[in-house]
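Next comes structure.txt, a file with compact mmCIF, C-alpha atoms.
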# COMPACT_ATOMS: atom_id res chain seq x y z
CA MET A 1 73.86 134.87 104.61
CA GLY A 2 75.77 135.43 107.80
CA GLN A 3 76.77 138.95 106.87
CA LYS A 4 76.21 141.69 109.42
CA PRO A 5 73.64 144.25 108.26
CA VAL A 6 75.82 147.18 109.40
CA LEU A 7 78.88 148.71 107.75
CA ARG A 8 81.03 151.58 109.00
CA PHE A 9 83.37 153.30 106.60
CA LEU A 10 85.53 156.38 106.22
CA VAL A 11 87.82 157.90 103.62
CA VAL A 12 91.50 158.00 104.56
CA ALA A 13 94.39 159.97 103.07
CA GLN A 14 97.88 158.50 102.74
CA ASP A 15 99.10 160.51 105.74
CA GLY A 16 96.31 159.17 107.98
CA ARG A 17 93.87 162.09 107.86
CA CYS A 18 90.33 160.85 107.51
CA SER A 19 86.72 161.82 106.95
CA ALA A 20 83.92 161.48 109.43
CA GLU A 21 83.00 157.86 110.05
CA TRP A 22 79.79 156.90 108.24
CA ARG A 23 77.32 154.19 109.16
CA LEU A 24 75.36 152.24 106.54
CA TRP A 25 72.83 149.66 107.64
CA THR A 26 69.94 147.52 106.44
CA GLY A 27 68.84 146.42 109.90
CA SER A 28 70.00 146.00 113.48
CA LYS A 29 70.32 142.22 113.82
CA ARG A 30 69.15 140.94 110.46
CA PRO A 31 68.89 142.60 107.03
CA SER A 32 65.72 144.30 105.83
CA ASP A 33 64.89 145.67 102.39
CA ASP A 34 65.28 149.26 103.59
CA THR A 35 68.67 150.98 103.69
CA TYR A 36 69.84 153.74 106.03
CA LEU A 37 72.86 156.04 106.09
CA ALA A 38 74.25 158.64 108.50
CA PRO A 39 77.52 159.94 109.93
CA ARG A 40 78.19 157.65 112.91
CA HIS A 41 77.90 160.46 115.47
CA LEU A 42 74.48 161.42 114.12
CA ALA A 43 73.00 157.98 113.50
CA GLY A 44 70.69 158.40 116.50
CA LYS A 45 69.56 161.89 115.44
CA MET A 46 69.48 162.23 111.66
CA LYS A 47 69.61 159.77 108.80
CA PHE A 48 68.96 159.11 105.14
CA SER A 49 66.31 156.44 104.53
CA PHE A 50 66.10 154.55 101.23
CA HIS A 51 62.91 152.50 101.33
CA LYS A 52 62.05 149.40 99.33
CA ASP A 53 59.15 151.13 97.57
CA GLY A 54 61.51 153.75 96.08
CA SER A 55 60.61 156.55 98.49
CA PHE A 56 63.75 158.21 99.82
CA GLN A 57 64.06 160.84 102.54
CA HIS A 58 66.45 162.68 104.84
CA GLY A 59 65.34 163.76 108.27
CA PRO A 60 65.32 163.31 112.03
CA THR A 61 65.03 159.93 113.71
CA ALA A 62 61.95 158.98 115.72
CA PRO A 63 63.32 160.10 119.13
CA VAL A 64 64.15 163.52 117.71
CA ARG A 65 60.77 163.83 115.99
CA GLU A 66 58.99 163.05 119.26
CA ALA A 67 60.75 165.98 120.92
CA LEU A 68 59.50 168.43 118.28
CA ARG A 69 56.17 170.13 117.78
CA PRO A 70 53.66 167.92 115.92
CA GLY A 71 53.75 170.17 112.87
CA ASP A 72 57.53 170.00 112.69
CA ARG A 73 57.91 166.23 112.62
CA HIS A 74 58.47 166.02 108.91
CA ALA A 75 61.44 164.97 106.82
CA LEU A 76 63.77 167.66 105.55
CA ASP A 77 63.81 166.25 102.04
CA ARG A 78 61.74 163.61 100.27
CA TRP A 79 62.25 162.30 96.76
CA THR A 80 61.67 159.29 94.55
CA ALA A 81 64.46 156.88 93.70
CA PRO A 82 66.16 157.79 90.41
CA PRO A 83 65.84 155.41 87.45
CA ALA A 84 67.84 152.19 87.65
CA THR A 85 70.79 151.49 85.39
CA PRO A 86 70.32 149.01 82.50
CA THR A 87 71.49 146.31 84.95
CA ASN A 88 68.72 147.30 87.42
CA VAL A 89 71.03 148.94 89.96
CA ARG A 90 69.98 152.25 91.54
CA LEU A 91 72.35 154.96 92.69
CA ALA A 92 70.79 156.07 95.98
CA ILE A 93 73.17 158.87 96.98
CA ILE A 94 76.67 160.26 96.38
CA LEU A 95 79.03 161.27 99.18
CA LYS A 96 81.84 163.58 98.08
CA PHE A 97 85.06 163.79 100.06
CA TYR A 98 87.75 166.32 99.12
CA GLU A 99 91.25 165.15 100.00
CA ARG A 100 92.09 168.56 101.42
CA GLU A 101 89.06 168.41 103.74
CA LEU A 102 90.09 165.18 105.46
CA SER A 103 90.95 166.37 108.95
CA GLY A 104 89.81 163.66 111.33
CA GLU A 105 91.70 160.94 113.17
CA ILE A 106 90.85 157.25 113.00
CA ARG A 107 89.37 156.01 116.26
CA LYS A 108 91.45 153.52 118.20
CA ALA A 109 90.19 149.97 117.71
CA SER A 110 87.91 151.17 114.91
CA ASP A 111 86.83 148.38 112.58
CA ALA A 112 85.54 150.81 109.96
CA LEU A 113 86.32 150.12 106.32
CA GLN A 114 89.07 152.47 105.15
CA ILE A 115 88.47 153.80 101.64
CA PRO A 116 91.55 155.41 100.05
CA SER A 117 91.17 159.10 99.36
CA GLY A 118 91.48 160.81 96.02
CA PRO A 119 94.78 162.25 94.81
CA ARG A 120 96.23 165.34 96.46
CA GLY A 121 93.94 168.20 95.55
CA GLY A 122 91.33 165.74 94.31
CA ALA A 123 88.30 164.00 95.76
CA ASN A 124 86.60 160.67 96.18
CA ALA A 125 82.98 160.28 95.11
CA VAL A 126 81.47 157.37 97.04
CA GLY A 127 78.15 156.09 95.76
CA ILE A 128 75.62 153.95 97.60
CA PHE A 129 74.02 151.60 95.07
CA ILE A 130 70.95 149.44 95.76
CA ALA A 131 69.97 146.33 93.80
CA ASP A 132 67.18 143.78 94.19
CA HIS A 133 69.51 140.95 93.20
CA GLN A 134 73.03 139.70 93.77
CA ILE A 135 75.14 141.87 91.51
CA THR A 136 77.25 139.85 89.10
CA PRO A 137 80.92 140.53 88.34
CA HIS A 138 79.85 141.76 84.90
CA GLU A 139 77.40 144.24 86.44
CA ARG A 140 80.13 145.48 88.77
CA ARG A 141 82.39 146.11 85.81
CA GLU A 142 79.56 147.94 84.07
CA LEU A 143 79.49 150.45 86.93
CA GLY A 144 83.07 151.41 86.08
CA LEU A 145 83.84 151.98 89.77
CA THR A 146 85.77 150.29 92.55
CA VAL A 147 83.43 148.30 94.78
CA TYR A 148 84.62 148.79 98.35
CA ALA A 149 82.00 146.74 100.20
CA THR A 150 78.58 145.11 99.96
CA LEU A 151 75.75 144.83 102.44
CA ALA A 152 73.01 142.21 102.34
CA ARG A 153 69.32 142.98 101.93
CA ALA A 154 66.48 140.69 103.03
CA ASN A 155 65.35 139.80 99.52
CA SER A 156 68.78 138.51 98.42
CA GLY A 157 69.54 141.92 97.00
CA GLU A 158 72.63 143.95 97.81
CA VAL A 159 73.76 147.40 98.76
CA LEU A 160 77.08 148.40 97.21
CA VAL A 161 79.54 151.00 98.40
CA ALA A 162 81.49 151.97 95.31
CA GLY A 163 83.42 154.96 94.11
CA SER A 164 86.36 156.43 92.33
CA PRO A 165 89.17 158.81 93.35
CA VAL A 166 89.21 161.69 90.86
CA MET A 167 90.94 164.97 90.21
CA THR A 168 88.51 167.83 90.62
CA ASP A 169 87.95 171.05 88.77
CA PRO A 170 89.09 173.87 91.10
CA SER A 171 85.96 175.78 90.14
CA GLN A 172 83.83 172.98 91.61
CA TYR A 173 85.59 173.24 94.96
CA THR A 174 85.08 177.00 94.89
CA ALA A 175 81.39 176.47 94.12
CA ASP A 176 81.07 174.12 97.09
CA LEU A 177 82.70 176.71 99.35
CA GLU A 178 80.20 179.28 98.11
CA ALA A 179 77.40 176.84 98.88
CA ALA A 180 78.79 176.37 102.39
CA LYS A 181 78.95 180.13 102.79
CA SER A 182 75.34 180.56 101.76
CA VAL A 183 74.29 177.84 104.19
CA THR A 184 76.04 179.54 107.11
CA ASN A 185 74.61 182.92 106.14
CA GLN A 186 70.97 181.88 106.19
CA PRO A 187 69.20 179.65 108.63
CA ALA A 188 68.32 176.23 107.39
CA TRP A 189 68.23 172.87 109.05
CA GLN A 190 71.57 171.15 108.91
CA TRP A 191 72.56 167.89 110.52
CA THR A 192 73.78 169.50 113.71
CA SER A 193 74.74 172.80 115.24
CA ASP A 194 77.63 171.14 117.12
CA ILE A 195 79.74 171.29 114.01
CA ALA A 196 82.97 172.22 115.79
CA ASP A 197 82.64 169.19 118.08
CA LEU A 198 82.02 166.82 115.18
CA GLY A 199 84.86 168.22 113.11
CA PHE A 200 82.79 168.19 109.91
CA GLY A 201 79.71 169.65 108.29
CA TRP A 202 77.76 168.69 105.19
CA ILE A 203 76.21 170.58 102.32
CA HIS A 204 73.45 169.07 100.20
CA SER A 205 72.90 169.37 96.47
CA GLU A 206 71.25 167.51 93.64
CA SER A 207 72.50 166.14 90.32
CA ALA A 208 70.76 166.73 87.00
CA THR A 209 69.13 163.30 87.34
CA GLY A 210 67.83 163.93 90.85
CA VAL A 211 70.49 162.02 92.78
CA ARG A 212 71.26 163.70 96.10
CA ILE A 213 74.89 164.67 96.69
CA VAL A 214 76.32 165.24 100.17
CA THR A 215 79.66 167.05 100.28
CA GLU A 216 81.65 166.80 103.48
CA LEU A 217 83.72 169.80 104.59
CA SER A 218 85.85 170.24 107.68
CA SER A 219 84.47 172.45 110.43
CA ALA A 220 87.56 174.65 110.02
CA THR A 221 86.65 175.30 106.38
CA ILE A 222 83.04 176.07 107.22
CA ALA A 223 84.11 178.45 109.98
CA ARG A 224 86.50 180.16 107.56
CA VAL A 225 83.96 180.76 104.80
CA ALA A 226 81.14 181.74 107.16
CA SER A 227 80.54 185.46 107.26
CA PRO A 228 80.10 186.44 110.91
CA GLY A 229 77.44 188.84 112.01
CA ALA A 230 75.08 188.35 109.09
CA SER A 231 72.02 190.57 109.42
CA TYR A 232 68.58 189.01 109.70
CA SER A 233 66.53 192.13 110.39
CA ASP A 234 62.74 191.90 110.20
CA ASP A 235 60.19 194.39 111.55
CA ARG A 236 58.05 191.59 112.94
CA PHE A 237 60.73 190.69 115.50
CA ALA A 238 62.33 192.75 118.24
CA PHE A 239 65.56 190.83 117.65
CA ILE A 240 66.92 188.10 115.42
CA GLY A 241 70.15 186.45 116.46
CA ARG A 242 71.90 183.10 116.58
CA ILE A 243 71.17 180.17 118.86
CA ASP A 244 74.62 180.53 120.40
CA ASP A 245 73.48 183.91 121.79
CA LEU A 246 70.94 182.18 124.04
CA PRO A 247 71.67 181.11 127.62
CA ALA A 248 72.74 177.48 127.78
CA THR A 249 69.47 176.51 129.47
CA MET A 250 67.50 177.73 126.45
CA ARG A 251 69.61 176.17 123.72
CA PRO A 252 68.15 173.08 122.05
CA SER A 253 69.77 169.70 122.67
CA ILE A 254 68.76 168.50 119.21
CA ALA A 255 69.23 169.90 115.72
CA ILE A 256 66.49 172.43 114.96
CA CYS A 257 66.15 175.55 112.85
CA GLY A 258 65.60 178.12 115.54
CA VAL A 259 64.25 179.10 118.94
CA LEU A 260 61.35 181.54 119.30
CA VAL A 261 61.35 183.63 122.48
CA VAL A 262 58.30 185.68 123.54
CA THR A 263 58.56 188.19 126.39
CA ARG A 264 55.83 189.06 128.91
CA SER A 265 54.98 192.12 126.84
CA GLY A 266 54.54 189.97 123.72
CA ASN A 267 57.74 190.98 121.91
CA ARG A 268 59.14 188.28 119.65
CA ALA A 269 62.81 187.31 119.31
CA LEU A 270 64.05 184.60 116.97
CA TYR A 271 67.36 182.80 117.42
CA ILE A 272 68.43 180.80 114.39
CA ASP A 273 70.95 178.04 113.76
CA GLY A 274 73.31 179.64 111.24
CA LEU A 275 74.81 176.23 110.38
CA ALA A 276 71.49 174.67 109.59
CA ARG A 277 69.59 173.85 106.41
CA CYS A 278 66.06 175.31 106.34
CA ASP A 279 64.01 177.96 104.61
CA PHE A 280 64.62 181.19 106.58
CA GLU A 281 61.53 182.98 105.28
CA ALA A 282 59.30 180.03 106.15
CA LEU A 283 60.93 179.86 109.58
CA LYS A 284 60.09 183.50 110.28
CA GLN A 285 56.51 182.98 109.11
CA ASP A 286 56.19 179.92 111.36
CA ALA A 287 57.52 181.95 114.28
CA VAL A 288 54.91 184.65 113.71
CA SER A 289 52.14 182.05 113.43
CA VAL A 290 53.22 180.20 116.58
CA SER A 291 53.49 183.42 118.60
CA ASP A 292 50.05 184.52 117.36
CA GLN A 293 48.61 181.20 118.56
CA LEU A 294 50.30 181.79 121.91
CA ARG A 295 48.63 185.18 122.23
CA VAL A 296 45.18 183.77 121.45
CA HIS A 297 45.26 180.37 123.14
CA GLY A 298 48.05 180.62 125.70
CA PRO A 299 51.05 178.30 126.00
CA ASP A 300 50.75 174.60 125.22
CA SER A 301 53.15 171.79 126.17
CA GLY A 302 55.56 172.87 123.44
CA TRP A 303 56.53 176.01 125.35
CA SER A 304 59.11 176.23 128.14
CA CYS A 305 59.61 178.94 130.75
CA GLY A 306 62.69 181.11 130.52
CA PRO A 307 64.09 183.87 132.72
CA ASN A 308 62.03 186.96 133.60
CA GLY A 309 58.75 185.37 132.59
CA THR A 310 59.74 184.70 128.97
CA LEU A 311 58.48 181.69 127.04
CA PHE A 312 60.48 179.86 124.39
CA THR A 313 59.99 177.00 121.95
CA GLY A 314 61.99 175.28 119.23
CA LEU A 315 61.00 175.51 115.56
CA THR A 316 61.90 173.50 112.46
CA THR A 317 61.12 174.22 108.84
CA SER A 318 62.21 172.09 105.90
CA LYS A 319 64.09 173.57 102.98
CA PRO A 320 61.92 173.72 99.85
CA HIS A 321 62.84 171.34 97.05
CA GLN A 322 64.85 173.10 94.37
CA HIS A 323 65.01 172.07 90.73

Show me the file's structure as structure tokens.
Amino acid sequence: MGQKPVLRFLVVAQDGRCSAEWRLWTGSKRPSDDTYLAPRHLAGKMKFSFHKDGSFQHGPTAPVREALRPGDRHALDRWTAPPATPTNVRLAIILKFYERELSGEIRKASDALQIPSGPRGGANAVGIFIADHQITPHERRELGLTVYATLARANSGEVLVAGSPVMTDPSQYTADLEAAKSVTNQPAWQWTSDIADLGFGWIHSESATGVRIVTELSSATIARVASPGASYSDDRFAFIGRIDDLPATMRPSIAICGVLVVTRSGNRALYIDGLARCDFEALKQDAVSVSDQLRVHGPDSGWSCGPNGTLFTGLTTSKPHQH
């Protein structure tokens, strides 16, 4: 086919503000039948995987998984591909970009596809569609969307990037801000804790038909809606704080849910990533279980030595599927 199996794209406002740059690929040198998606800066750490057999997932890449405890090397979310349209095209995922949240700058010499943003105060819903065949002009019209780009698959199928700029209900934007607030006020695994450096963060939701929706918000918005100093008290821990409270040498270099610290006297402290996307209660239970194993069996290779004889280890816990 001659077409590269990698596409980079971003959403751009008329005044030049843009979204994060996203990477969509079906292979490295030649197309495969699997499709992958991630913000460009996180493509080596986290990704969405849409497999040929209809199994979809979101989670860490192999290098990140290898750095985690064996029990934590799972995907954050797994689901089955939603039903295909009458023309046998599947909507894999929706990316939602609010015009007001576009705050990035286009990289110099960037060859990324520039998708026009929605109207002022509106949004652009960009869908990733997967088909096992070359989509005909009629089938494209049936989608009722603007097709921005296509990507080849190994079996002569295609991946479509298509969407539509729309005006949005103000109540929906408010609801997304509330979702962002709830994410920052309870630990959960999110794509990264370096949200200020990236300039953006992402909240995850699900449509009535099971399609995953990722809404991109600027880091400034997330910082604004986050409630500082949220309380995570629990009698099983001497202290619960945020990862940023830890010394730099004890902070994780990869995206995880939290860090468990155990002192010489056996006291437990849990430091959570407040911009993450996990189940807080499950994280605390895991921390108790891991520290109990430490008391009985001693430290394994997953533990590191901290100051004053403390031991610490990273923990991850996936967010439970919600209907």

Checklist entry - Hey, which of A:Arg107, A:Arg120, A:Lys4, A:Lys52 ends up closest to Asn155 of chain A? Count all atoms listed in the file. => result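 That would be A:Lys52, the residue with the smallest distance to Asn155 of chain A.
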
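The space separating atom CA of Tyr271 of chain A from atom CA of Ala43 of chain A comes to 25.8 Å.
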
Checklist entry - Any idea what's packed within 12 Å of Asp234 of chain A, counting all atoms listed in the file, ignoring anything in its chain fewer than 3 positions away? Could you give it as a list in words? => result Ser231, Phe237, Ala238, Phe239, Ile240, Gly241, Arg268, Ala269, Leu270, Phe280, Glu281, Lys284, Gln285, Ala287 and Val288 of chain A

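Between atom CA of Ala255 of chain A and atom CA of His297 of chain A there is a distance of 27.2 Å.
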
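With only C-alpha atoms as the basis for measurement, A:Pro5 is the residue among A:Pro5, A:Gly266, A:Pro299, A:Gly44 that approaches Thr150 of chain A most closely.
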
Checklist entry - If we count only C-alpha atoms, what is near segment 199-213 of chain A at a cut-off of 7 Å, once residues fewer than 3 positions away on the same chain are taken out, given as JSON, numbers by chain? => result {"A": [20, 82, 92, 93, 94, 95, 104, 180, 195, 196, 216, 217, 218, 219]}

Checklist entry - Which residues, written as JSON, numbers by chain, have at least one atom at most 9 Å from Asp33 of chain A, with only C-alpha atoms counted and residues fewer than 5 positions away on the same chain left out? => result {"A": [26, 27, 51, 52, 132, 152, 153, 154, 155, 157]}

How about saving the chosen residues, C-alpha atoms kept, as a CSV table (one decimal), in the coordinates of the input?
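Wrote out.csv, looks like this:
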chain,number,residue,atom,x,y,z
A,26,THR,CA,69.9,147.5,106.4
A,27,GLY,CA,68.8,146.4,109.9
A,51,HIS,CA,62.9,152.5,101.3
A,52,LYS,CA,62.0,149.4,99.3
A,132,ASP,CA,67.2,143.8,94.2
A,152,ALA,CA,73.0,142.2,102.3
A,153,ARG,CA,69.3,143.0,101.9
A,154,ALA,CA,66.5,140.7,103.0
A,155,ASN,CA,65.4,139.8,99.5
A,157,GLY,CA,69.5,141.9,97.0

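Reported to one decimal place, the separation of atom CA of Trp25 of chain A from atom CA of Leu37 of chain A is 6.6 Å.
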
Per residue of segment 45-156 of chain A within 8 Å of segment 7-19 of chain A, record the nearest atom pair and its distance in Å to one decimal, counting only C-alpha atoms, with rows in chain order and ascending residue number, as CSV.
residue,atom,partner,partner_atom,distance
A:Phe97,CA,A:Ser19,CA,7.4
A:Glu99,CA,A:Ala13,CA,6.8
A:Glu101,CA,A:Ser19,CA,7.7
A:Leu102,CA,A:Cys18,CA,4.8
A:Ser103,CA,A:Arg17,CA,5.3
A:Gly104,CA,A:Cys18,CA,4.8
A:Glu105,CA,A:Cys18,CA,5.8
A:Ile106,CA,A:Cys18,CA,6.6
A:Asp111,CA,A:Arg8,CA,7.5
A:Ala112,CA,A:Arg8,CA,4.7
A:Leu113,CA,A:Phe9,CA,4.3
A:Gln114,CA,A:Leu10,CA,5.4
A:Ile115,CA,A:Val11,CA,4.6
A:Pro116,CA,A:Val12,CA,5.2
A:Ser117,CA,A:Ala13,CA,5.0
A:Gly118,CA,A:Ala13,CA,7.7
A:Leu151,CA,A:Leu7,CA,7.3

Item to check | Selected residue of minimal separation from Asp169 of chain A among A:Gly121, A:Cys257, A:Leu76, A:Leu143, counting all atoms listed in the file | outcome: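 That would be A:Gly121, the residue with the smallest distance to Asp169 of chain A.
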
Item to check | Residues near Ser55 of chain A, cut-off 7 Å, all atoms listed in the file, skip fewer than 4 positions along chain, as a PyMOL selection string | outcome: chain A and resi 50-51+79-81

Can you put N, CA and C atoms back into segment 13-27 of chain A and show it as a short mmCIF file (atom, residue, chain, number, x, y, z; two decimals), keeping the file's coordinate frame?
data_model
loop_
_atom_site.label_atom_id
_atom_site.label_comp_id
_atom_site.auth_asym_id
_atom_site.auth_seq_id
_atom_site.Cartn_x
_atom_site.Cartn_y
_atom_site.Cartn_z
N ALA A 13 93.28 159.51 103.89
CA ALA A 13 94.39 159.97 103.07
C ALA A 13 95.64 159.16 103.39
N GLN A 14 96.65 159.27 102.54
CA GLN A 14 97.88 158.50 102.74
C GLN A 14 98.57 158.86 104.05
N ASP A 15 98.43 160.09 104.50
CA ASP A 15 99.10 160.51 105.74
C ASP A 15 98.26 160.25 106.99
N GLY A 16 97.12 159.56 106.83
CA GLY A 16 96.31 159.17 107.98
C GLY A 16 95.12 160.06 108.28
N ARG A 17 95.05 161.24 107.66
CA ARG A 17 93.87 162.09 107.86
C ARG A 17 92.64 161.37 107.32
N CYS A 18 91.51 161.59 107.95
CA CYS A 18 90.33 160.85 107.51
C CYS A 18 89.08 161.70 107.56
N SER A 19 88.04 161.18 106.95
CA SER A 19 86.72 161.82 106.95
C SER A 19 86.00 161.47 108.24
N ALA A 20 84.80 161.97 108.37
CA ALA A 20 83.92 161.48 109.43
C ALA A 20 83.64 160.00 109.17
N GLU A 21 83.36 159.26 110.21
CA GLU A 21 83.00 157.86 110.05
C GLU A 21 81.51 157.77 109.73
N TRP A 22 81.18 157.05 108.67
CA TRP A 22 79.79 156.90 108.24
C TRP A 22 79.27 155.52 108.59
N ARG A 23 77.98 155.45 108.83
CA ARG A 23 77.32 154.19 109.16
C ARG A 23 76.25 153.90 108.11
N LEU A 24 76.32 152.72 107.54
CA LEU A 24 75.36 152.24 106.54
C LEU A 24 74.75 150.96 107.09
N TRP A 25 73.43 150.86 107.09
CA TRP A 25 72.83 149.66 107.64
C TRP A 25 71.51 149.32 106.96
N THR A 26 71.21 148.01 106.97
CA THR A 26 69.94 147.52 106.44
C THR A 26 69.09 146.90 107.54
N GLY A 27 69.57 146.94 108.76
CA GLY A 27 68.84 146.42 109.90
C GLY A 27 69.74 146.45 111.12
#
